[in-house]
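Below is input.pdb, holding PDB, C-alpha atoms, pLDDT in the B column.
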ATOM      1  CA  MET A   1      14.910 113.821  53.905  1.00 92.00           C
ATOM      2  CA  VAL A   2      11.625 114.306  55.728  1.00 96.00           C
ATOM      3  CA  GLN A   3       8.882 112.672  53.668  1.00 98.00           C
ATOM      4  CA  ILE A   4       5.522 114.491  53.703  1.00 98.00           C
ATOM      5  CA  LEU A   5       2.437 113.181  51.926  1.00 98.00           C
ATOM      6  CA  VAL A   6      -0.081 115.888  51.005  1.00 98.00           C
ATOM      7  CA  THR A   7      -3.726 115.260  50.192  1.00 98.00           C
ATOM      8  CA  ASN A   8      -7.095 116.991  50.595  1.00 98.00           C
ATOM      9  CA  ASP A   9     -10.806 116.575  49.940  1.00 96.00           C
ATOM     10  CA  ASP A  10     -11.399 119.562  47.634  1.00 96.00           C
ATOM     11  CA  GLY A  11      -9.547 117.961  44.733  1.00 97.00           C
ATOM     12  CA  VAL A  12      -5.995 118.049  43.488  1.00 98.00           C
ATOM     13  CA  ASP A  13      -6.462 121.305  41.555  1.00 96.00           C
ATOM     14  CA  SER A  14      -7.789 123.358  44.490  1.00 97.00           C
ATOM     15  CA  ASP A  15      -6.190 126.564  45.766  1.00 96.00           C
ATOM     16  CA  GLY A  16      -5.777 125.251  49.312  1.00 97.00           C
ATOM     17  CA  ILE A  17      -3.612 122.244  48.483  1.00 98.00           C
ATOM     18  CA  ASN A  18      -1.563 124.355  46.105  1.00 98.00           C
ATOM     19  CA  LEU A  19      -0.694 126.839  48.868  1.00 97.00           C
ATOM     20  CA  VAL A  20       0.189 124.032  51.279  1.00 98.00           C
ATOM     21  CA  VAL A  21       2.598 122.532  48.765  1.00 98.00           C
ATOM     22  CA  GLN A  22       4.187 125.906  48.014  1.00 97.00           C
ATOM     23  CA  ALA A  23       4.809 126.470  51.720  1.00 97.00           C
ATOM     24  CA  LEU A  24       6.220 122.986  52.326  1.00 97.00           C
ATOM     25  CA  THR A  25       8.631 123.115  49.413  1.00 95.00           C
ATOM     26  CA  SER A  26      10.291 126.138  51.030  1.00 92.00           C
ATOM     27  CA  PHE A  27      11.529 123.898  53.867  1.00 94.00           C
ATOM     28  CA  GLU A  28      14.998 122.404  53.595  1.00 92.00           C
ATOM     29  CA  ASN A  29      15.344 118.615  53.671  1.00 93.00           C
ATOM     30  CA  VAL A  30      11.639 118.075  53.024  1.00 96.00           C
ATOM     31  CA  GLU A  31      10.325 116.005  50.133  1.00 97.00           C
ATOM     32  CA  VAL A  32       6.658 116.539  49.260  1.00 98.00           C
ATOM     33  CA  THR A  33       4.510 113.925  47.531  1.00 98.00           C
ATOM     34  CA  VAL A  34       1.002 114.915  46.444  1.00 98.00           C
ATOM     35  CA  VAL A  35      -1.665 112.230  46.096  1.00 98.00           C
ATOM     36  CA  ALA A  36      -5.190 113.646  46.174  1.00 98.00           C
ATOM     37  CA  PRO A  37      -8.695 113.051  44.856  1.00 98.00           C
ATOM     38  CA  ALA A  38      -9.252 113.866  41.207  1.00 98.00           C
ATOM     39  CA  THR A  39     -12.473 115.737  42.067  1.00 97.00           C
ATOM     40  CA  ASN A  40     -14.111 117.403  45.057  1.00 96.00           C
ATOM     41  CA  GLN A  41     -14.878 114.841  47.766  1.00 96.00           C
ATOM     42  CA  SER A  42     -16.067 117.093  50.587  1.00 93.00           C
ATOM     43  CA  GLY A  43     -18.056 115.422  53.338  1.00 94.00           C
ATOM     44  CA  THR A  44     -16.863 111.889  52.601  1.00 95.00           C
ATOM     45  CA  SER A  45     -15.393 111.378  56.084  1.00 95.00           C
ATOM     46  CA  ASN A  46     -13.022 108.382  56.055  1.00 96.00           C
ATOM     47  CA  ARG A  47     -15.077 106.377  53.559  1.00 96.00           C
ATOM     48  CA  VAL A  48     -13.269 104.054  51.172  1.00 96.00           C
ATOM     49  CA  SER A  49     -14.250 102.713  47.772  1.00 95.00           C
ATOM     50  CA  ASP A  50     -14.988  99.056  47.085  1.00 93.00           C
ATOM     51  CA  PRO A  51     -13.030  98.021  45.155  1.00 95.00           C
ATOM     52  CA  ALA A  52     -10.205 100.329  46.186  1.00 95.00           C
ATOM     53  CA  PRO A  53      -8.497 102.314  43.410  1.00 95.00           C
ATOM     54  CA  THR A  54      -5.284 100.717  42.162  1.00 96.00           C
ATOM     55  CA  THR A  55      -4.298 103.370  39.626  1.00 97.00           C
ATOM     56  CA  ALA A  56      -3.751 107.116  39.640  1.00 98.00           C
ATOM     57  CA  ALA A  57      -3.282 109.707  36.916  1.00 98.00           C
ATOM     58  CA  GLU A  58      -0.238 111.956  36.703  1.00 98.00           C
ATOM     59  CA  THR A  59      -1.243 115.593  37.002  1.00 98.00           C
ATOM     60  CA  ALA A  60      -0.105 118.770  38.772  1.00 98.00           C
ATOM     61  CA  THR A  61      -1.258 121.291  41.343  1.00 98.00           C
ATOM     62  CA  ALA A  62      -2.411 124.734  40.234  1.00 96.00           C
ATOM     63  CA  SER A  63       1.161 126.048  40.297  1.00 96.00           C
ATOM     64  CA  GLY A  64       2.563 123.041  38.477  1.00 97.00           C
ATOM     65  CA  TYR A  65       3.901 120.793  41.263  1.00 98.00           C
ATOM     66  CA  PRO A  66       3.724 117.101  40.201  1.00 98.00           C
ATOM     67  CA  ALA A  67       0.827 115.184  41.706  1.00 98.00           C
ATOM     68  CA  LEU A  68      -1.152 111.975  41.411  1.00 98.00           C
ATOM     69  CA  ALA A  69      -4.949 112.133  41.097  1.00 98.00           C
ATOM     70  CA  VAL A  70      -6.988 109.242  42.476  1.00 98.00           C
ATOM     71  CA  VAL A  71     -10.561 108.637  41.360  1.00 98.00           C
ATOM     72  CA  GLY A  72     -11.929 108.121  44.837  1.00 97.00           C
ATOM     73  CA  THR A  73     -12.201 109.585  48.307  1.00 97.00           C
ATOM     74  CA  PRO A  74      -9.503 111.270  50.430  1.00 98.00           C
ATOM     75  CA  ALA A  75      -9.120 108.002  52.351  1.00 98.00           C
ATOM     76  CA  ASP A  76      -8.657 106.176  49.043  1.00 98.00           C
ATOM     77  CA  SER A  77      -5.917 108.644  48.121  1.00 98.00           C
ATOM     78  CA  VAL A  78      -4.075 108.027  51.381  1.00 98.00           C
ATOM     79  CA  ASN A  79      -4.356 104.261  51.065  1.00 98.00           C
ATOM     80  CA  TYR A  80      -3.204 104.380  47.440  1.00 98.00           C
ATOM     81  CA  ALA A  81      -0.167 106.444  48.396  1.00 98.00           C
ATOM     82  CA  LEU A  82       0.797 104.148  51.267  1.00 98.00           C
ATOM     83  CA  ASP A  83       0.222 100.990  49.218  1.00 98.00           C
ATOM     84  CA  PHE A  84       1.675 101.978  45.842  1.00 98.00           C
ATOM     85  CA  VAL A  85       3.766 105.149  46.094  1.00 98.00           C
ATOM     86  CA  PHE A  86       5.885 104.898  49.242  1.00 98.00           C
ATOM     87  CA  ALA A  87       8.282 102.029  49.834  1.00 97.00           C
ATOM     88  CA  GLU A  88       8.406 103.114  53.493  1.00 96.00           C
ATOM     89  CA  PRO A  89       5.664 105.110  55.231  1.00 96.00           C
ATOM     90  CA  PRO A  90       6.083 108.892  55.067  1.00 98.00           C
ATOM     91  CA  ASP A  91       6.924 110.818  58.203  1.00 97.00           C
ATOM     92  CA  LEU A  92       3.804 112.984  58.106  1.00 98.00           C
ATOM     93  CA  LEU A  93       0.529 113.445  56.244  1.00 98.00           C
ATOM     94  CA  ILE A  94      -0.846 116.940  55.731  1.00 98.00           C
ATOM     95  CA  SER A  95      -4.445 117.139  54.557  1.00 98.00           C
ATOM     96  CA  GLY A  96      -5.796 120.463  53.246  1.00 94.00           C
ATOM     97  CA  SER A  97      -6.016 123.322  53.239  1.00 96.00           C
ATOM     98  CA  ASN A  98      -9.757 122.780  53.166  1.00 96.00           C
ATOM     99  CA  ASP A  99     -12.206 125.388  51.946  1.00 95.00           C
ATOM    100  CA  GLY A 100     -14.378 125.640  55.073  1.00 94.00           C
ATOM    101  CA  GLN A 101     -13.938 124.940  58.769  1.00 95.00           C
ATOM    102  CA  ASN A 102     -13.886 121.417  60.151  1.00 96.00           C
ATOM    103  CA  PHE A 103     -14.359 122.093  63.846  1.00 95.00           C
ATOM    104  CA  GLY A 104     -16.377 120.291  66.503  1.00 94.00           C
ATOM    105  CA  PRO A 105     -18.800 117.650  65.178  1.00 94.00           C
ATOM    106  CA  PHE A 106     -17.839 118.510  61.584  1.00 94.00           C
ATOM    107  CA  SER A 107     -14.664 116.492  62.239  1.00 96.00           C
ATOM    108  CA  GLU A 108     -16.635 113.274  61.948  1.00 95.00           C
ATOM    109  CA  VAL A 109     -17.904 113.959  58.416  1.00 95.00           C
ATOM    110  CA  SER A 110     -14.923 115.899  57.071  1.00 96.00           C
ATOM    111  CA  GLY A 111     -13.011 114.288  54.232  1.00 97.00           C
ATOM    112  CA  THR A 112     -10.029 116.456  55.181  1.00 98.00           C
ATOM    113  CA  VAL A 113      -9.971 115.007  58.690  1.00 98.00           C
ATOM    114  CA  GLY A 114     -10.973 111.593  57.313  1.00 97.00           C
ATOM    115  CA  ALA A 115      -7.779 111.448  55.263  1.00 98.00           C
ATOM    116  CA  ALA A 116      -5.781 112.268  58.389  1.00 98.00           C
ATOM    117  CA  ARG A 117      -7.607 109.596  60.393  1.00 98.00           C
ATOM    118  CA  THR A 118      -6.845 107.051  57.655  1.00 98.00           C
ATOM    119  CA  ALA A 119      -3.138 107.819  57.773  1.00 98.00           C
ATOM    120  CA  ALA A 120      -3.082 107.697  61.573  1.00 98.00           C
ATOM    121  CA  ARG A 121      -4.695 104.245  61.646  1.00 97.00           C
ATOM    122  CA  ARG A 122      -1.756 103.131  59.535  1.00 97.00           C
ATOM    123  CA  GLY A 123       0.814 104.667  61.870  1.00 97.00           C
ATOM    124  CA  VAL A 124       1.458 107.967  60.048  1.00 98.00           C
ATOM    125  CA  PRO A 125       1.060 111.174  62.102  1.00 98.00           C
ATOM    126  CA  ALA A 126      -1.267 113.624  60.422  1.00 98.00           C
ATOM    127  CA  LEU A 127      -2.216 117.287  60.416  1.00 98.00           C
ATOM    128  CA  ALA A 128      -5.571 118.370  58.954  1.00 98.00           C
ATOM    129  CA  ILE A 129      -5.793 122.024  57.924  1.00 98.00           C
ATOM    130  CA  SER A 130      -9.077 123.817  57.360  1.00 97.00           C
ATOM    131  CA  GLN A 131      -9.782 127.440  56.534  1.00 97.00           C
ATOM    132  CA  GLY A 132     -13.038 129.128  57.443  1.00 91.00           C
ATOM    133  CA  GLY A 133     -15.211 130.017  54.494  1.00 76.00           C
ATOM    134  CA  VAL A 134     -18.897 129.654  53.570  1.00 74.00           C
ATOM    135  CA  THR A 135     -19.949 133.270  54.283  1.00 73.00           C
ATOM    136  CA  VAL A 136     -16.646 134.792  53.049  1.00 81.00           C
ATOM    137  CA  ASP A 137     -13.904 133.632  50.717  1.00 88.00           C
ATOM    138  CA  ALA A 138     -11.461 131.241  52.382  1.00 90.00           C
ATOM    139  CA  GLU A 139      -8.301 133.173  53.274  1.00 93.00           C
ATOM    140  CA  HIS A 140      -5.961 130.172  53.111  1.00 95.00           C
ATOM    141  CA  GLU A 141      -2.790 132.228  53.487  1.00 95.00           C
ATOM    142  CA  SER A 142      -3.628 133.064  57.109  1.00 95.00           C
ATOM    143  CA  GLY A 143      -3.939 129.390  58.046  1.00 96.00           C
ATOM    144  CA  ILE A 144      -0.775 128.418  56.176  1.00 97.00           C
ATOM    145  CA  VAL A 145       1.171 130.708  58.524  1.00 97.00           C
ATOM    146  CA  PHE A 146       0.049 128.625  61.506  1.00 97.00           C
ATOM    147  CA  MET A 147       0.845 125.390  59.652  1.00 97.00           C
ATOM    148  CA  VAL A 148       4.409 126.553  59.083  1.00 97.00           C
ATOM    149  CA  GLU A 149       4.801 127.619  62.720  1.00 96.00           C
ATOM    150  CA  TRP A 150       3.415 124.270  63.892  1.00 96.00           C
ATOM    151  CA  LEU A 151       5.846 122.349  61.702  1.00 95.00           C
ATOM    152  CA  GLN A 152       8.801 124.363  62.923  1.00 94.00           C
ATOM    153  CA  ALA A 153       7.841 123.694  66.543  1.00 95.00           C
ATOM    154  CA  ASN A 154       6.712 120.057  66.293  1.00 94.00           C
ATOM    155  CA  LEU A 155       8.535 118.308  63.469  1.00 93.00           C
ATOM    156  CA  ASP A 156      11.085 116.678  65.783  1.00 93.00           C
ATOM    157  CA  ASP A 157       8.278 115.139  67.866  1.00 92.00           C
ATOM    158  CA  VAL A 158       6.540 113.939  64.701  1.00 94.00           C
ATOM    159  CA  LEU A 159       9.723 112.262  63.492  1.00 93.00           C
ATOM    160  CA  ALA A 160      10.193 110.581  66.877  1.00 94.00           C
ATOM    161  CA  PHE A 161       6.735 108.961  66.855  1.00 94.00           C
ATOM    162  CA  GLU A 162       6.626 105.193  67.166  1.00 92.00           C
ATOM    163  CA  GLY A 163       3.419 103.216  67.482  1.00 91.00           C
ATOM    164  CA  ASP A 164       0.483 101.628  65.727  1.00 93.00           C
ATOM    165  CA  VAL A 165      -2.040 104.477  65.953  1.00 96.00           C
ATOM    166  CA  ALA A 166      -0.552 107.889  65.242  1.00 97.00           C
ATOM    167  CA  PRO A 167      -1.849 111.257  66.459  1.00 97.00           C
ATOM    168  CA  VAL A 168      -4.045 113.543  64.381  1.00 98.00           C
ATOM    169  CA  TRP A 169      -4.011 117.281  64.885  1.00 98.00           C
ATOM    170  CA  SER A 170      -6.654 119.538  63.368  1.00 98.00           C
ATOM    171  CA  LEU A 171      -5.969 123.201  62.629  1.00 98.00           C
ATOM    172  CA  ASN A 172      -8.896 125.519  61.894  1.00 98.00           C
ATOM    173  CA  THR A 173      -8.354 129.175  61.040  1.00 97.00           C
ATOM    174  CA  PRO A 174     -11.149 131.724  60.597  1.00 96.00           C
ATOM    175  CA  SER A 175     -11.363 133.923  57.529  1.00 95.00           C
ATOM    176  CA  CYS A 176     -12.075 137.422  58.803  1.00 93.00           C
ATOM    177  CA  GLY A 177     -13.544 138.968  55.656  1.00 90.00           C
ATOM    178  CA  GLY A 178     -11.823 142.294  56.221  1.00 88.00           C
ATOM    179  CA  VAL A 179     -13.184 142.764  59.761  1.00 92.00           C
ATOM    180  CA  GLY A 180     -10.380 142.436  62.300  1.00 91.00           C
ATOM    181  CA  GLU A 181      -7.667 139.796  61.984  1.00 94.00           C
ATOM    182  CA  VAL A 182      -6.987 136.331  63.345  1.00 97.00           C
ATOM    183  CA  ARG A 183      -6.294 136.802  67.054  1.00 96.00           C
ATOM    184  CA  GLY A 184      -3.700 134.040  67.355  1.00 96.00           C
ATOM    185  CA  LEU A 185      -3.546 130.276  67.788  1.00 97.00           C
ATOM    186  CA  THR A 186      -5.086 128.518  70.765  1.00 96.00           C
ATOM    187  CA  HIS A 187      -4.733 124.862  71.728  1.00 96.00           C
ATOM    188  CA  THR A 188      -8.137 123.611  72.821  1.00 96.00           C
ATOM    189  CA  SER A 189     -10.505 120.657  72.844  1.00 96.00           C
ATOM    190  CA  LEU A 190     -12.918 119.443  70.210  1.00 96.00           C
ATOM    191  CA  ALA A 191     -16.501 120.564  70.840  1.00 95.00           C
ATOM    192  CA  ALA A 192     -18.806 117.579  71.270  1.00 92.00           C
ATOM    193  CA  GLU A 193     -21.832 119.435  69.907  1.00 90.00           C
ATOM    194  CA  PHE A 194     -22.899 122.757  68.461  1.00 89.00           C
ATOM    195  CA  GLU A 195     -24.549 125.187  70.850  1.00 84.00           C
ATOM    196  CA  SER A 196     -28.159 125.860  69.931  1.00 81.00           C
ATOM    197  CA  GLY A 197     -28.730 129.174  68.211  1.00 76.00           C
ATOM    198  CA  VAL A 198     -25.070 129.897  67.463  1.00 77.00           C
ATOM    199  CA  GLU A 199     -24.239 131.049  63.917  1.00 79.00           C
ATOM    200  CA  MET A 200     -21.519 128.548  63.018  1.00 81.00           C
ATOM    201  CA  PHE A 201     -20.328 130.173  59.800  1.00 84.00           C
ATOM    202  CA  SER A 202     -19.662 133.786  60.813  1.00 85.00           C
ATOM    203  CA  PRO A 203     -16.558 134.154  62.995  1.00 93.00           C
ATOM    204  CA  ASP A 204     -16.022 137.540  64.602  1.00 93.00           C
ATOM    205  CA  CYS A 205     -12.348 138.464  64.354  1.00 94.00           C
ATOM    206  CA  SER A 206     -13.079 141.780  66.073  1.00 95.00           C
ATOM    207  CA  SER A 207     -14.253 139.984  69.230  1.00 95.00           C
ATOM    208  CA  THR A 208     -12.458 140.699  72.517  1.00 95.00           C
ATOM    209  CA  ARG A 209     -13.886 137.734  74.397  1.00 94.00           C
ATOM    210  CA  GLU A 210     -11.492 135.343  76.143  1.00 94.00           C
ATOM    211  CA  GLY A 211     -11.631 132.030  77.965  1.00 92.00           C
ATOM    212  CA  PHE A 212     -13.082 129.410  75.619  1.00 93.00           C
ATOM    213  CA  ASP A 213     -13.403 125.737  76.480  1.00 92.00           C
ATOM    214  CA  ASN A 214     -13.704 124.291  72.963  1.00 96.00           C
ATOM    215  CA  ASP A 215     -12.638 124.878  69.383  1.00 96.00           C
ATOM    216  CA  VAL A 216     -15.996 126.101  68.067  1.00 96.00           C
ATOM    217  CA  ALA A 217     -16.272 128.915  70.626  1.00 95.00           C
ATOM    218  CA  ALA A 218     -12.665 130.022  70.136  1.00 96.00           C
ATOM    219  CA  PHE A 219     -12.927 129.919  66.333  1.00 96.00           C
ATOM    220  CA  LEU A 220     -16.144 131.926  66.252  1.00 95.00           C
ATOM    221  CA  ASN A 221     -14.408 134.584  68.346  1.00 95.00           C
ATOM    222  CA  GLY A 222     -11.517 134.995  65.937  1.00 96.00           C
ATOM    223  CA  PHE A 223      -8.924 132.451  67.060  1.00 97.00           C
ATOM    224  CA  ALA A 224      -7.229 129.773  65.012  1.00 97.00           C
ATOM    225  CA  THR A 225      -7.643 126.513  66.908  1.00 98.00           C
ATOM    226  CA  LEU A 226      -5.489 123.413  67.208  1.00 98.00           C
ATOM    227  CA  THR A 227      -7.132 120.269  68.539  1.00 98.00           C
ATOM    228  CA  THR A 228      -6.155 116.634  68.878  1.00 97.00           C
ATOM    229  CA  ILE A 229      -8.618 114.210  67.312  1.00 97.00           C
ATOM    230  CA  PRO A 230      -9.734 111.593  69.885  1.00 96.00           C
ATOM    231  CA  GLU A 231      -8.417 108.088  69.314  1.00 95.00           C
ATOM    232  CA  ASP A 232     -11.893 106.578  69.235  1.00 95.00           C
ATOM    233  CA  LEU A 233     -12.716 108.771  66.226  1.00 96.00           C
ATOM    234  CA  ILE A 234      -9.422 107.885  64.556  1.00 96.00           C
ATOM    235  CA  LEU A 235     -10.200 104.183  65.002  1.00 95.00           C
ATOM    236  CA  ALA A 236     -13.815 104.411  63.823  1.00 93.00           C
ATOM    237  CA  PRO A 237     -13.955 101.987  60.875  1.00 89.00           C
ATOM    238  CA  PRO A 238     -14.564 103.484  57.446  1.00 87.00           C
ATOM    239  CA  SER A 239     -17.754 102.807  55.569  1.00 79.00           C
ATOM    240  CA  ALA A 240     -17.578 101.692  51.946  1.00 76.00           C
ATOM    241  CA  ASN A 241     -18.821 103.622  48.929  1.00 71.00           C
TER     242      ASN A 241
END
Once more with this new file: its structure as structure tokens, please.
Amino acid sequence: MVQILVTNDDGVDSDGINLVVQALTSFENVEVTVVAPATNQSGTSNRVSDPAPTTAAETATASGYPALAVVGTPADSVNYALDFVFAEPPDLLISGSNDGQNFGPFSEVSGTVGAARTAARRGVPALAISQGGVTVDAEHESGIVFMVEWLQANLDDVLAFEGDVAPVWSLNTPSCGGVGEVRGLTHTSLAAEFESGVEMFSPDCSSTREGFDNDVAAFLNGFATLTTIPEDLILAPPSAN
């Protein structure tokens, strides 16, 4: 059985994590374990609590899948799962689906990506999933499609990983708000900064522009983006709450 740990930063009862779990449980030979924050922890990066939580409450996702709720940050949830739930590390962590994009510099402060970074520092490959929102409702279903396609194409490589610091991939999908549709998935690099004067929260899925050199530009022009989080960000030590 492929062991997948699922967490998020919006809280265990959020719509995004529920849809992720529903999609994963449709895979054969996959066992899903949900350990997530009890409440919304957006923007907590990879921060950990001091002292670290040592208990979790039994609960369920919105559709009734069993879950554990940790009173703490996304990083706390990952550490609790690896320390107290799994006898052996899981094969993969999936964090999300987050309500709101976590592209470019947002990756540093994102609790969704922070959970993935925490798992990777402990040798567990991780995929962070974020769905554009803010100015429109987050259309999580469109991003889940790309998650499923990514798993189908990459699960063998994930299972073959050996090493101390695992990779982190970050998937960001725009919500089109009824104007156009997601133009596809592009593999690109993480933007180091936001371009001055650019409206970061209004992607244009009707755009016909091509040729983008970073995830922010591609996302804002209607593409779902897949980036690899740099190792120096993965290894950045967590601050304590």
Where does the PyMOL selection byres ((chain A and resi 173) around 7) land in this file, that is, which residues does it pick, as a short mmCIF file (atom, residue, chain, number, x, y, z; two decimals) with C-alpha atoms, keeping the file's coordinate frame?
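Result written to out07.cif:
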data_model
loop_
_atom_site.label_atom_id
_atom_site.label_comp_id
_atom_site.auth_asym_id
_atom_site.auth_seq_id
_atom_site.Cartn_x
_atom_site.Cartn_y
_atom_site.Cartn_z
CA SER A 130 -9.08 123.82 57.36
CA GLN A 131 -9.78 127.44 56.53
CA GLY A 132 -13.04 129.13 57.44
CA GLY A 143 -3.94 129.39 58.05
CA LEU A 171 -5.97 123.20 62.63
CA ASN A 172 -8.90 125.52 61.89
CA PRO A 174 -11.15 131.72 60.60
CA SER A 175 -11.36 133.92 57.53
CA PHE A 223 -8.92 132.45 67.06
CA ALA A 224 -7.23 129.77 65.01
CA THR A 225 -7.64 126.51 66.91
#
Between A:Val158, A:Ala120, A:Ala191, A:Val70, which has the minimum distance to Asn214 of chain A (counting all atoms listed in the file)?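 Among the listed residues, A:Ala191 lies closest to Asn214 of chain A.
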Please measure the separation of atom CA of Gly123 of chain A and atom CA of Leu19 of chain A, giving the value in Å to one decimal.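 Separating atom CA of Gly123 of chain A from atom CA of Leu19 of chain A is a distance of 25.7 Å.
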Using only C-alpha atoms, pick whichever of A:Thr54, A:Gly72, A:His140, A:Gly104 has the shortest atom-to-atom distance to Phe84 of chain A.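 Distance minimum relative to Phe84 of chain A lands on A:Thr54.
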Pick from A:Gly96, A:Pro74, A:Gly180, A:Pro125, whichever lies nearest to Gln3 of chain A using all atoms listed in the file: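 Closest residue, counting all atoms listed in the file: A:Pro125.
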Quote the spacing between atom CA of Phe219 of chain A and atom CA of Val179 of chain A in Å to one decimal place.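 Those two atoms sit 14.4 Å apart.
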Decode the PyMOL selection byres ((chain A and resi 34-47) around 7) for the given file into explicit residues and return them as a ChimeraX atom specification. /A:5-12,32-33,48-49,67-75,77,81,108-111,114-115,118,238-241
Would you mind listing what lies within 12 Å of Gly64 of chain A as a list in words, with only C-alpha atoms counted and same-chain residues fewer than 6 positions away left out? Val12, Asp13, Ser14, Asp15, Ile17, Asn18, Leu19, Val21, Gln22, Val34 and Glu58 of chain A
Residue by residue, what does the PyMOL selection byres ((chain A and resi 222) around 6) grab here? Present the result as a PyMOL selection string. chain A and resi 182-183+203-205+219-221+223
Best match for closeness to Asp232 of chain A among A:Val198, A:Val168, A:Ala128, A:Leu155, counting only C-alpha atoms: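 Distance minimum relative to Asp232 of chain A lands on A:Val168.
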Given only C-alpha atoms as the basis, pick out the residue of A:Ala119, A:Ala166, A:Ala87, A:Ile229 nearest to Ser107 of chain A. A:Ile229
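Closest approach to Leu226 of chain A among A:Ser189, A:Ser95, A:Thr208, A:Ser202 is made by A:Ser189 (distances from all atoms listed in the file).
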